[in-house]
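J.: Structure provided below as structure tokens; questions to follow.
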Amino acid sequence: MICDHANKLTIRSLGPWPEDTLRHAYSHANIRLTTTTAGFGGTRTWFLCSRCDRRCSILYDNPASGWVCRICASGHYASEVEAPIDRMYRRARKLRCRLGQHDPDMTFPFPGKPVGMHWSTYLRLRKEGLALEARLLDHMRRNLPALLRRRMIDQSLSMEAD
Ligand SMILES: [Zn+2]
């Protein structure tokens with residue numbers, strides 16, 4: 001079962017743009033297109049699944065492997081298919097929420113012990129939360145050059161498309 005709130009993209013939503021225009025626009029998001037000949041000499045545009053290369057008319061956003069077909073997306077909840085770093089991030093945010101922080105922004109100081117929570121529970125959650133956040137910050141620090149490079153490439157491509 002695919003989550004109802006999963007982001008999806010339908011081939012009909014692309015509109016009547018020429019195939020080359022679509023192909024260029026969607027290559028930014030690593031979405032590939034292909035065509036088949038339809039009756040009366042026309043062509044039909046399809047997506048290609050980023051995992052199995054199957055032709056399809058609907059793609060589902062999968063945090064771990066990009067835009068995939070129904071078969072590759074089915075049976076997986078977002079939390080099952082998310083990348084380990086995303087799972088770590090979600091867990092860190094969830095810990096802050098459990099400790100009473102309404103906006104689990106990691107730039108805020110780590111929350112104090114909520115009223116009614118045992119100190120042993122708080123100290124265990126605090127230790128886990130701080131360890132997760134340290135690993136996330138280390139991951140971001142190590143990947144910053146690559147992220148900045150990718151951002152510059154995306155910006156220059158969008159300037160080309162304008
Ligand atoms: Zn697939």
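Residues in the structure tokens are numbered from 1 in each chain, the chains being A, B, ... in the order shown, and ligands are numbered from 1 in the order shown.
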Among chain A, which ones does DSSP place in helix (DSSP H, G or I), written as a ChimeraX atom specification?
T.: /A:11-14,19-27,39-41,70-73,78-81,84-98,119-161
J.: Apply DSSP to the structure's backbone, then extract all residues of chain A labelled strand (DSSP E or B) and return them as number ranges by chain.
T.: A: 8-10, 32-37, 43-48, 55-56, 58-62, 66-68
J.: When you count only C-alpha atoms and all ligand atoms, which of these residues is closest to ligand 1: A:Leu9, A:Cys69, A:Leu48, A:Cys56?
T.: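 Among the listed residues, A:Cys69 lies closest to ligand 1.
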J.: Quick one: everything within 10 Å of stretch 100-102 of chain A, counting only C-alpha atoms, minus sequence neighbours fewer than 5 positions away in the same chain. Send it as a ChimeraX atom specification.
T.: /A:93-95,108-115
J.: Export, as a short mmCIF file (atom, residue, chain, number, x, y, z; two decimals), in the first residue's frame, the selected residues with C-alpha atoms.
T.:
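Result written to again13.cif:
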```cif
data_model
loop_
_atom_site.label_atom_id
_atom_site.label_comp_id
_atom_site.auth_asym_id
_atom_site.auth_seq_id
_atom_site.Cartn_x
_atom_site.Cartn_y
_atom_site.Cartn_z
CA ARG A 93 13.33 15.66 15.85
CA LYS A 94 10.95 13.17 17.45
CA LEU A 95 13.09 13.08 20.61
CA PHE A 108 17.59 25.69 19.73
CA PRO A 109 19.20 24.59 23.01
CA PHE A 110 18.40 20.98 23.90
CA PRO A 111 15.11 20.93 25.88
CA GLY A 112 15.10 20.47 29.66
CA LYS A 113 13.36 17.70 31.57
CA PRO A 114 9.59 17.84 31.18
CA VAL A 115 7.52 17.92 34.40
#
```
J.: Would you name the residues within 7 Å of ligand 1, counting only C-alpha atoms and all ligand atoms, and put them as a list in words?
T.: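 Selection of residues at most 7 Å from ligand 1: Cys49, Ser50, Arg51, Cys52, Asp53, Arg54, Val68, Cys69, Arg70, Ile71 and Cys72 of chain A.
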J.: With N, CA and C atoms retained, could you export that selection as a compact mmCIF listing (two decimals), in the first residue's frame?
T.:
```
# COMPACT_ATOMS: atom_id res chain seq x y z
N CYS A 49 10.89 4.56 -14.54
CA CYS A 49 11.15 4.37 -13.11
C CYS A 49 12.66 4.44 -12.86
N SER A 50 13.06 5.20 -11.84
CA SER A 50 14.49 5.36 -11.59
C SER A 50 15.12 4.10 -11.01
N ARG A 51 14.29 3.17 -10.55
CA ARG A 51 14.84 1.94 -9.97
C ARG A 51 14.84 0.78 -10.94
N CYS A 52 13.69 0.57 -11.65
CA CYS A 52 13.59 -0.63 -12.49
C CYS A 52 13.50 -0.32 -13.99
N ASP A 53 13.53 0.97 -14.37
CA ASP A 53 13.46 1.38 -15.77
C ASP A 53 12.14 1.05 -16.46
N ARG A 54 11.12 0.67 -15.68
CA ARG A 54 9.82 0.34 -16.26
C ARG A 54 9.16 1.62 -16.76
N VAL A 68 9.94 6.70 -8.34
CA VAL A 68 9.82 5.29 -8.73
C VAL A 68 8.39 4.94 -9.12
N CYS A 69 8.26 3.81 -9.82
CA CYS A 69 6.94 3.34 -10.26
C CYS A 69 6.15 2.77 -9.09
N ARG A 70 4.88 2.45 -9.35
CA ARG A 70 4.00 1.92 -8.31
C ARG A 70 4.57 0.61 -7.73
N ILE A 71 5.11 -0.23 -8.58
CA ILE A 71 5.60 -1.52 -8.11
C ILE A 71 6.79 -1.34 -7.17
N CYS A 72 7.71 -0.45 -7.56
CA CYS A 72 8.87 -0.21 -6.70
C CYS A 72 8.49 0.54 -5.43
```
J.: Could you list, as number ranges by chain, every residue within 10 Å of A:Glu19, counting only C-alpha atoms and ignoring same-chain residues fewer than 3 positions away?
T.: A: 16, 22-25, 33-35, 43-45
